[in-house]
Structures are given as C-alpha cells and as structure tokens.
Number of protein chains: 2
Amino acid sequence: MNFCSNCGSADLSYQQPAGDTHQRHVCEACQTIHYRNPKVVTGCLPVWEDKVLLCRRAIEPAYGLWNVPSGYLENGESVRAGAKREVQEEALAEVRLDYLITLYDIERINQVYLQYVGHLIEGRFGVGEESLDAQLFTEENVPWDEIAFTSSEFTLRNYFHDRSIPRKLLHQASYPAVRS
Amino acid sequence: MNFCSNCGSADLSYQQPAGDTHQRHVCEACQTIHYRNPKVVTGCLPVWEDKVLLCRRAIEPAYGLWNVPSGYLENGESVRAGAKREVQEEALAEVRLDYLITLYDIERINQVYLQYVGHLIEGRFGVGEESLDAQLFTEENVPWDEIAFTSSEFTLRNYFHDRSIPRKLLHQASYPAVRS
Ligand SMILES: [Zn+2]
Ligand SMILES: [Zn+2]
C-alpha cells in the first residue's frame, strides 16, 4: 500500500491505533485505518464411486500440477456456494456438498482453506478454462508427487484415510502439515 | 475505493478483467486489479460445567448486548489461534478448543463466522477492555433477547441442542438462519 485508497494521500504510517491490538496502515491525512485480513480459499473434492476428481492447473502458481478445485471466496458468496462455483469453473461439474473435511491455515500468506467432500452428480465433468485437464483417480492412481498444494494433499490424505470409517471428521492443521 | 492504493490515481473503473469471472476495481493508470474478499470472524464459546461464558459488548455495533467472544481473524494468525485470542481479549480467559461448531455466512456484509466450543480453563475469567461484563450462563439463564448477533444465537442454540448427544456436529447456515 503506497497511497490511501480513501483520499489518495501518500502520507501513510504503520502504527497501532488507540485501543487496537495490532499495527495497521493509517492515513495521516484523513485518519482512515486500512485493515488487512486473511482470505478464504474454498473448494470441494468431488467423489464418484471409488474415485476423486482432480484438475490440472492451467494457471500459475503450480501450473501443470493437480489440485482439488478451489479458489478465493468472493464477496456476496457463502463458503458453500463458492466451493460449488469452483468445481463448476474448473471442472464444468456439479456437486452435491457432503461435509466440510478440512480447515487448513497458511498463516505465512494469510490464507484459510475450507474444503468439502462432495458427490459428483452423475459422474459428469469437463475441463474448465483454468484447467489443462481433469481426471478421476482411485487412491492408488492419485499423482501424489504432482499435487499442487499441501492444502490439497491434506484433504486427499484425510479423505482416503477416513473413507473406511462411517464418521465424517473435520481435520484442522496449519501449513506445512499434511496430516491432522 | 476512491484512489488506487498502488499509484494514487483516481482513474478507477469497475469491470470484469479478461479471464476473470467477477467485476473488480481496476486502475486505468497502473492496471492494478483491486480484489475484495470476505473477512473471517473467528470465535469460541467457552464452557464451564453446565454453563457458557458470554461477554457484554462495550463497543458498537450491538453495544450492551451479549456475545460469543469473536472478532476478525488477523493476518499471520490461524483460525484457532484467533479464536483463543478473542477469548483472551474479551474475557481475559484461557480456553482449550474442543471442536468447530458453526460456519455461518453473512453474504450481505461479506463475513464468514467460524466459532468453536472450548473448555474454560479452571473456570477463570475477567472482563476485557472491549467488554462491559462477562458472565457464565446456564441454558435457562441465557439472555436470549439480548444476544448481539444471529451468529452467536446460532452457535448457542446448536450447542445446547447437541449437548445431550455424544457426537460433535458442525452446523452451517447463512444469515438470518439461526438453526441449521
Ligand atoms: Zn487518506
Ligand atoms: Zn494505480
């Protein structure tokens, strides 16, 4: 942040406002306090029979690697709606959300991942504009060495681990953990 | 947003960038795309014996009403760490987080509430600077007509409803629902 987005002044300081617990960018001209907060990345692992659907990224970062369909939550959108939208955009597919499987914090880059397990409707999917490819994988066939992000690996490992038990658990961890 | 926070230009447009799915504020001078995303509000309902701890707000909005200790997640912080920090700030108390009980979206104001149930260590608490008061309430004594936010009511109702069953469920809803 170089300029105040309210008044355009370049006279910004970084200080702890009175009564606040954290340092903020404060505009010395108009006194606006500019808060910065983590972003939510919402996603869903689509499941069809004994397989899961992954997308191969056509964009940076992690171009060419496989990922659980996920992306930034948008203003005006619920976490669940965002998860379904990401599956639609990346895999042209419709899911019925089943349960929230992971809450994964990456404090270093101010991200909170919330990923669901969902039922892939009729097993139908395609390849969205942000994807090079989309494929269904059994546990044995998952390209473990080519997974885009630790958040996706965390969701995948927990999904397969829990598949044999009836209870649906939420797993929580912070980067770089991949098992809760 | 009146000025570009990168270059200070007032020449901002609101448009859908190429390859994007949403409209954004875009600076015509430096081409910076200014994304805006929902904020996470993290909190925890502290439990001691058959009672829950609520705080009476000393700040707007909802000044004077009772609330589950909650606040904006900060950069560099995990959702769980933020929940514990909020209890410390508002009730000068320490909790051991038990489970995530609610994910509550308020799309209209771009907020995602994530609230936990936690064990109030040794039943000890005080009154933080953002609180007028803090008190332990049994289910019968909760001031239901003076609860600050529907997110808190959603958490409280689900906590008491589920208390008699062994399974710890995550409840999800969007404003203004108070039951999943
Ligand atoms: Zn200013
Ligand atoms: Zn600019």
# chains A, B, ... in the order shown; residues from 1 in each chain; ligands from 1

call {"tool": "select_by_dssp", "arguments": {"residues": "chain A", "states": "strand (DSSP E)", "output": "MDAnalysis selection string"}}
result
chainID A and resid 12:15 24:27 33:34 39:48 51:57 66:67 70:72 95:106 111:120 131:137 171:174

call {"tool": "residues_near_ligand", "arguments": {"ligand": "ligand 1", "cutoff": "12 Å", "atoms": "only C-alpha atoms and all ligand atoms", "output": "number ranges by chain"}}
result
A: 1-13, 25-34; B: 1-5, 8

call {"tool": "residues_around", "arguments": {"residues": "A:Arg157", "least_positions_apart": "6", "cutoff": "12 Å", "atoms": "only C-alpha atoms", "output": "PDB file with all heavy atoms, in the first residue's frame"}}
result
ATOM      1  N   LEU A  45     -13.673 -31.493  -2.991  1.00  0.00           N
ATOM      2  CA  LEU A  45     -13.163 -32.712  -3.620  1.00  0.00           C
ATOM      3  C   LEU A  45     -14.362 -33.512  -4.134  1.00  0.00           C
ATOM      4  O   LEU A  45     -15.101 -34.104  -3.335  1.00  0.00           O
ATOM      5  CB  LEU A  45     -12.380 -33.543  -2.599  1.00  0.00           C
ATOM      6  CG  LEU A  45     -11.796 -34.860  -3.097  1.00  0.00           C
ATOM      7  CD1 LEU A  45     -10.715 -34.623  -4.148  1.00  0.00           C
ATOM      8  CD2 LEU A  45     -11.238 -35.669  -1.927  1.00  0.00           C
ATOM      9  N   VAL A  52     -11.812 -39.911  -7.055  1.00  0.00           N
ATOM     10  CA  VAL A  52     -11.922 -38.472  -6.777  1.00  0.00           C
ATOM     11  C   VAL A  52     -11.508 -37.700  -8.027  1.00  0.00           C
ATOM     12  O   VAL A  52     -10.682 -38.172  -8.816  1.00  0.00           O
ATOM     13  CB  VAL A  52     -11.038 -38.045  -5.586  1.00  0.00           C
ATOM     14  CG1 VAL A  52     -11.458 -38.768  -4.313  1.00  0.00           C
ATOM     15  CG2 VAL A  52      -9.559 -38.268  -5.881  1.00  0.00           C
ATOM     16  N   VAL A  68      -7.245 -30.025  -5.913  1.00  0.00           N
ATOM     17  CA  VAL A  68      -8.659 -30.070  -5.542  1.00  0.00           C
ATOM     18  C   VAL A  68      -9.260 -28.735  -5.995  1.00  0.00           C
ATOM     19  O   VAL A  68      -8.731 -27.680  -5.639  1.00  0.00           O
ATOM     20  CB  VAL A  68      -8.812 -30.225  -4.012  1.00  0.00           C
ATOM     21  CG1 VAL A  68     -10.274 -30.104  -3.594  1.00  0.00           C
ATOM     22  CG2 VAL A  68      -8.218 -31.558  -3.549  1.00  0.00           C
ATOM     23  N   ILE A 101     -14.405 -31.154   5.179  1.00  0.00           N
ATOM     24  CA  ILE A 101     -13.384 -32.116   5.621  1.00  0.00           C
ATOM     25  C   ILE A 101     -12.145 -31.440   6.196  1.00  0.00           C
ATOM     26  O   ILE A 101     -11.521 -32.002   7.106  1.00  0.00           O
ATOM     27  CB  ILE A 101     -12.990 -33.083   4.470  1.00  0.00           C
ATOM     28  CG1 ILE A 101     -12.020 -34.163   4.975  1.00  0.00           C
ATOM     29  CG2 ILE A 101     -12.447 -32.356   3.248  1.00  0.00           C
ATOM     30  CD1 ILE A 101     -11.775 -35.310   4.017  1.00  0.00           C
ATOM     31  N   THR A 102     -11.786 -30.239   5.714  1.00  0.00           N
ATOM     32  CA  THR A 102     -10.550 -29.617   6.214  1.00  0.00           C
ATOM     33  C   THR A 102     -10.666 -28.116   6.404  1.00  0.00           C
ATOM     34  O   THR A 102     -11.338 -27.414   5.650  1.00  0.00           O
ATOM     35  CB  THR A 102      -9.363 -29.876   5.254  1.00  0.00           C
ATOM     36  OG1 THR A 102      -9.744 -29.538   3.934  1.00  0.00           O
ATOM     37  CG2 THR A 102      -8.899 -31.319   5.314  1.00  0.00           C
ATOM     38  N   GLU A 139      -7.491 -44.111  -5.253  1.00  0.00           N
ATOM     39  CA  GLU A 139      -6.443 -43.758  -4.287  1.00  0.00           C
ATOM     40  C   GLU A 139      -5.063 -44.155  -4.819  1.00  0.00           C
ATOM     41  O   GLU A 139      -4.092 -43.411  -4.683  1.00  0.00           O
ATOM     42  CB  GLU A 139      -6.711 -44.456  -2.943  1.00  0.00           C
ATOM     43  CG  GLU A 139      -5.680 -44.104  -1.881  1.00  0.00           C
ATOM     44  CD  GLU A 139      -6.022 -44.649  -0.508  1.00  0.00           C
ATOM     45  OE1 GLU A 139      -7.010 -45.415  -0.397  1.00  0.00           O
ATOM     46  OE2 GLU A 139      -5.302 -44.318   0.456  1.00  0.00           O
ATOM     47  N   GLU A 140      -4.976 -45.328  -5.432  1.00  0.00           N
ATOM     48  CA  GLU A 140      -3.690 -45.835  -5.926  1.00  0.00           C
ATOM     49  C   GLU A 140      -3.146 -44.984  -7.077  1.00  0.00           C
ATOM     50  O   GLU A 140      -1.934 -44.906  -7.295  1.00  0.00           O
ATOM     51  CB  GLU A 140      -3.830 -47.285  -6.403  1.00  0.00           C
ATOM     52  CG  GLU A 140      -4.139 -48.271  -5.284  1.00  0.00           C
ATOM     53  CD  GLU A 140      -5.526 -48.065  -4.692  1.00  0.00           C
ATOM     54  OE1 GLU A 140      -6.463 -47.716  -5.455  1.00  0.00           O
ATOM     55  OE2 GLU A 140      -5.677 -48.215  -3.461  1.00  0.00           O
ATOM     56  N   VAL A 142      -3.733 -41.651  -7.658  1.00  0.00           N
ATOM     57  CA  VAL A 142      -3.524 -40.217  -7.417  1.00  0.00           C
ATOM     58  C   VAL A 142      -2.049 -39.876  -7.669  1.00  0.00           C
ATOM     59  O   VAL A 142      -1.164 -40.565  -7.158  1.00  0.00           O
ATOM     60  CB  VAL A 142      -3.910 -39.832  -5.967  1.00  0.00           C
ATOM     61  CG1 VAL A 142      -3.382 -38.439  -5.609  1.00  0.00           C
ATOM     62  CG2 VAL A 142      -5.421 -39.884  -5.784  1.00  0.00           C
ATOM     63  N   TRP A 144       0.540 -38.429  -6.478  1.00  0.00           N
ATOM     64  CA  TRP A 144       0.937 -37.812  -5.210  1.00  0.00           C
ATOM     65  C   TRP A 144       2.133 -36.876  -5.345  1.00  0.00           C
ATOM     66  O   TRP A 144       2.264 -35.921  -4.582  1.00  0.00           O
ATOM     67  CB  TRP A 144       1.234 -38.887  -4.158  1.00  0.00           C
ATOM     68  CG  TRP A 144       0.006 -39.646  -3.747  1.00  0.00           C
ATOM     69  CD1 TRP A 144      -0.310 -40.934  -4.060  1.00  0.00           C
ATOM     70  CD2 TRP A 144      -1.078 -39.154  -2.951  1.00  0.00           C
ATOM     71  NE1 TRP A 144      -1.525 -41.276  -3.515  1.00  0.00           N
ATOM     72  CE2 TRP A 144      -2.010 -40.215  -2.826  1.00  0.00           C
ATOM     73  CE3 TRP A 144      -1.363 -37.931  -2.333  1.00  0.00           C
ATOM     74  CZ2 TRP A 144      -3.212 -40.077  -2.104  1.00  0.00           C
ATOM     75  CZ3 TRP A 144      -2.543 -37.798  -1.620  1.00  0.00           C
ATOM     76  CH2 TRP A 144      -3.455 -38.850  -1.508  1.00  0.00           C
ATOM     77  N   ILE A 147       0.932 -33.062  -6.811  1.00  0.00           N
ATOM     78  CA  ILE A 147      -0.190 -32.323  -6.218  1.00  0.00           C
ATOM     79  C   ILE A 147       0.242 -30.877  -6.019  1.00  0.00           C
ATOM     80  O   ILE A 147       1.344 -30.600  -5.536  1.00  0.00           O
ATOM     81  CB  ILE A 147      -0.619 -32.961  -4.882  1.00  0.00           C
ATOM     82  CG1 ILE A 147      -1.060 -34.415  -5.106  1.00  0.00           C
ATOM     83  CG2 ILE A 147      -1.734 -32.142  -4.224  1.00  0.00           C
ATOM     84  CD1 ILE A 147      -2.262 -34.572  -6.024  1.00  0.00           C
ATOM     85  N   THR A 150      -0.142 -28.136  -0.510  1.00  0.00           N
ATOM     86  CA  THR A 150      -0.253 -29.000   0.671  1.00  0.00           C
ATOM     87  C   THR A 150      -1.701 -29.052   1.173  1.00  0.00           C
ATOM     88  O   THR A 150      -2.111 -30.036   1.771  1.00  0.00           O
ATOM     89  CB  THR A 150       0.665 -28.522   1.813  1.00  0.00           C
ATOM     90  OG1 THR A 150       0.314 -27.181   2.174  1.00  0.00           O
ATOM     91  CG2 THR A 150       2.116 -28.597   1.408  1.00  0.00           C
ATOM     92  N   SER A 151      -2.480 -27.984   0.938  1.00  0.00           N
ATOM     93  CA  SER A 151      -3.890 -27.999   1.330  1.00  0.00           C
ATOM     94  C   SER A 151      -4.635 -29.130   0.626  1.00  0.00           C
ATOM     95  O   SER A 151      -5.458 -29.822   1.234  1.00  0.00           O
ATOM     96  CB  SER A 151      -4.544 -26.660   0.990  1.00  0.00           C
ATOM     97  OG  SER A 151      -4.304 -26.329  -0.374  1.00  0.00           O
ATOM     98  N   ARG A 163     -12.192 -42.860   4.721  1.00  0.00           N
ATOM     99  CA  ARG A 163     -13.237 -43.464   3.891  1.00  0.00           C
ATOM    100  C   ARG A 163     -13.778 -44.754   4.496  1.00  0.00           C
ATOM    101  O   ARG A 163     -14.945 -45.098   4.305  1.00  0.00           O
ATOM    102  CB  ARG A 163     -12.666 -43.733   2.489  1.00  0.00           C
ATOM    103  CG  ARG A 163     -13.717 -43.908   1.445  1.00  0.00           C
ATOM    104  CD  ARG A 163     -13.143 -43.686   0.070  1.00  0.00           C
ATOM    105  NE  ARG A 163     -11.908 -44.437  -0.136  1.00  0.00           N
ATOM    106  CZ  ARG A 163     -11.443 -44.759  -1.329  1.00  0.00           C
ATOM    107  NH1 ARG A 163     -12.114 -44.425  -2.417  1.00  0.00           N
ATOM    108  NH2 ARG A 163     -10.296 -45.404  -1.457  1.00  0.00           N
ATOM    109  N   HIS A 171     -10.860 -32.101   9.778  1.00  0.00           N
ATOM    110  CA  HIS A 171      -9.444 -32.103  10.135  1.00  0.00           C
ATOM    111  C   HIS A 171      -8.909 -30.684  10.046  1.00  0.00           C
ATOM    112  O   HIS A 171      -9.222 -29.970   9.099  1.00  0.00           O
ATOM    113  CB  HIS A 171      -8.668 -33.016   9.178  1.00  0.00           C
ATOM    114  CG  HIS A 171      -9.090 -34.443   9.287  1.00  0.00           C
ATOM    115  ND1 HIS A 171      -8.501 -35.326  10.144  1.00  0.00           N
ATOM    116  CD2 HIS A 171     -10.082 -35.124   8.675  1.00  0.00           C
ATOM    117  CE1 HIS A 171      -9.083 -36.509  10.040  1.00  0.00           C
ATOM    118  NE2 HIS A 171     -10.058 -36.417   9.157  1.00  0.00           N
ATOM    119  N   ALA A 177       1.721 -28.889   7.592  1.00  0.00           N
ATOM    120  CA  ALA A 177       1.226 -30.207   7.973  1.00  0.00           C
ATOM    121  C   ALA A 177       0.318 -30.766   6.895  1.00  0.00           C
ATOM    122  O   ALA A 177      -0.468 -30.042   6.308  1.00  0.00           O
ATOM    123  CB  ALA A 177       0.449 -30.124   9.279  1.00  0.00           C
ATOM    124  N   VAL A 178       0.426 -32.042   6.634  1.00  0.00           N
ATOM    125  CA  VAL A 178      -0.500 -32.661   5.708  1.00  0.00           C
ATOM    126  C   VAL A 178      -1.337 -33.744   6.387  1.00  0.00           C
ATOM    127  O   VAL A 178      -2.187 -34.348   5.773  1.00  0.00           O
ATOM    128  CB  VAL A 178       0.175 -33.239   4.449  1.00  0.00           C
ATOM    129  CG1 VAL A 178       0.733 -32.122   3.594  1.00  0.00           C
ATOM    130  CG2 VAL A 178       1.232 -34.236   4.806  1.00  0.00           C
ATOM    131  N   ARG A 179      -1.090 -34.004   7.651  1.00  0.00           N
ATOM    132  CA  ARG A 179      -1.984 -34.892   8.405  1.00  0.00           C
ATOM    133  C   ARG A 179      -2.355 -34.198   9.703  1.00  0.00           C
ATOM    134  O   ARG A 179      -1.535 -33.548  10.328  1.00  0.00           O
ATOM    135  CB  ARG A 179      -1.310 -36.239   8.755  1.00  0.00           C
ATOM    136  CG  ARG A 179      -1.143 -37.135   7.572  1.00  0.00           C
ATOM    137  CD  ARG A 179      -2.477 -37.509   6.941  1.00  0.00           C
ATOM    138  NE  ARG A 179      -3.308 -38.276   7.859  1.00  0.00           N
ATOM    139  CZ  ARG A 179      -3.254 -39.597   7.960  1.00  0.00           C
ATOM    140  NH1 ARG A 179      -2.417 -40.300   7.243  1.00  0.00           N
ATOM    141  NH2 ARG A 179      -4.057 -40.226   8.793  1.00  0.00           N
ATOM    142  N   SER A 180      -3.641 -34.322  10.088  1.00  0.00           N
ATOM    143  CA  SER A 180      -4.073 -33.675  11.327  1.00  0.00           C
ATOM    144  C   SER A 180      -3.611 -34.503  12.512  1.00  0.00           C
ATOM    145  O   SER A 180      -3.306 -35.669  12.370  1.00  0.00           O
ATOM    146  CB  SER A 180      -5.572 -33.511  11.361  1.00  0.00           C
ATOM    147  OG  SER A 180      -6.213 -34.752  11.334  1.00  0.00           O
TER     148      SER A 180
END

call {"tool": "residues_around", "arguments": {"residues": "A:Ser78", "least_positions_apart": "5", "cutoff": "9 Å", "atoms": "only C-alpha atoms", "output": "ChimeraX atom specification"}}
result
/A:73,83 /B:104-107,110-112,173-174

call {"tool": "select_by_dssp", "arguments": {"residues": "chain B", "states": "helix (DSSP H, G or I)", "output": "MDAnalysis selection string"}}
result
chainID B and resid 79:91 107:109 121:123 139:141 144:146 150:162

call {"tool": "closest_residue", "arguments": {"among": "A:Gln16, A:Thr138, A:Ser131, A:Gln115", "to": "A:Leu103", "atoms": "only C-alpha atoms"}}
result
A:Gln115

call {"tool": "atom_distance", "arguments": {"atom1": "atom CA of A:Glu89", "atom2": "atom CA of B:Pro38"}}
result
19.6 Å

call {"tool": "closest_residue", "arguments": {"among": "A:Ala91, A:Leu170, A:Val117, A:Leu136", "to": "chain B", "atoms": "only C-alpha atoms"}}
result
A:Leu170

call {"tool": "closest_residue", "arguments": {"among": "B:Trp66, B:Tyr72, B:Phe125, B:Phe137", "to": "chain A", "atoms": "only C-alpha atoms"}}
result
B:Tyr72

call {"tool": "atom_distance", "arguments": {"atom1": "atom CA of A:Arg36", "atom2": "atom CA of B:Gly43"}}
result
18.3 Å
